[in-house]
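These notes are about the structure you will find just below.
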Amino acid sequence: AEVATVKAALLNTQLQQVGLSGDSAKTQELEEKLSKYTTQVVELKEQLASAMEEKKILNIRLADTRRELEATDERHMRTIEQLRSKLRQFGEQTPESPVNHEEELMTKVWNLEEERNLLRNELEGQQVHWQAQLETEQ
């Protein structure tokens, strides 16, 4: 109802401006154009609403991913501290052969750091992907 009122007002204004209030062919042409533009505006508003909702969802997912990354970092730090503690304890017990065990623990630490970096890279890739998609939608 509101769209029809706006259409009629715009049509009357245009007809009065060009002095064609009695020309039915021009009136019909203007009505068709107005209808086309109104439809386009409605479609664009729907697309905008959809894009905004997608952005909201993506922001929520991004926040969840960030929290998970923070939790992973905390677990990683605890694991490193536990491994260092074990390494210190082991070093005190058998000073003659700590090299092999130290290397093993350092390898585990390195692997955990590599896994953390991979997760960070994946997160950044997702952020870039969704941001690009969002910008494309807009």
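Chain labels run A, B, ... following the order of the structure tokens; each chain numbers its residues from 1, and ligands are numbered from 1 in the order shown.
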- Message: Please list as a ChimeraX atom specification every residue within 10 Å of Ile80 (chain A), counting only C-alpha atoms and excluding residues in the same chain fewer than 4 positions away.
- Response: /A:74-76,84-86,105-106,108-110,112-113
Restricted to C-alpha atoms, what would the selected residues look like written as a PDB file, in the first residue's frame?
```pdb
ATOM      1  CA  GLU A  74      46.130 -21.197  26.456  1.00  0.00           C
ATOM      2  CA  ARG A  75      46.207 -24.995  26.125  1.00  0.00           C
ATOM      3  CA  HIS A  76      49.396 -24.675  24.131  1.00  0.00           C
ATOM      4  CA  ARG A  84      59.322 -27.685  30.515  1.00  0.00           C
ATOM      5  CA  SER A  85      58.516 -28.816  34.043  1.00  0.00           C
ATOM      6  CA  LYS A  86      58.966 -32.454  33.055  1.00  0.00           C
ATOM      7  CA  LEU A 105      60.229 -32.534  24.081  1.00  0.00           C
ATOM      8  CA  MET A 106      61.488 -29.707  21.896  1.00  0.00           C
ATOM      9  CA  LYS A 108      56.739 -31.779  20.528  1.00  0.00           C
ATOM     10  CA  VAL A 109      56.834 -28.086  21.386  1.00  0.00           C
ATOM     11  CA  TRP A 110      57.799 -27.251  17.817  1.00  0.00           C
ATOM     12  CA  LEU A 112      52.467 -27.699  18.764  1.00  0.00           C
ATOM     13  CA  GLU A 113      53.682 -24.274  17.684  1.00  0.00           C
TER      14      GLU A 113
END
```
- Min atom-atom distance to Thr136 (chain A) from the set A:Leu44, A:Ala25, A:Leu119, A:Ala51, counting only C-alpha atoms, belongs to A:Ala51
- Go ahead and compute the interatomic distance for CA of Glu46 (chain A) and CA of Leu58 (chain A), in Å to one decimal.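 Between CA of Glu46 (chain A) and CA of Leu58 (chain A) the gap works out to 18.2 Å.
Nearest to Arg67 (chain A) of all the residues A:Leu48, A:Glu104, A:Leu123, A:Leu118 is A:Leu123, counting only C-alpha atoms.
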- For Gln127 (chain A), which residue among A:Thr107, A:Leu87, A:Ala63, A:Glu115 is the nearest when counting only C-alpha atoms?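 Looking at the shortest contact to Gln127 (chain A), the residue is A:Ala63.
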- Query: Could you state the separation of CA of Arg61 (chain A) and CA of Gln133 (chain A) in Å, given to one decimal place?
  - Reply: 14.7 Å
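One distance worth recording is that between CA of Glu122 (chain A) and CA of Leu69 (chain A), which is 10.6 Å.
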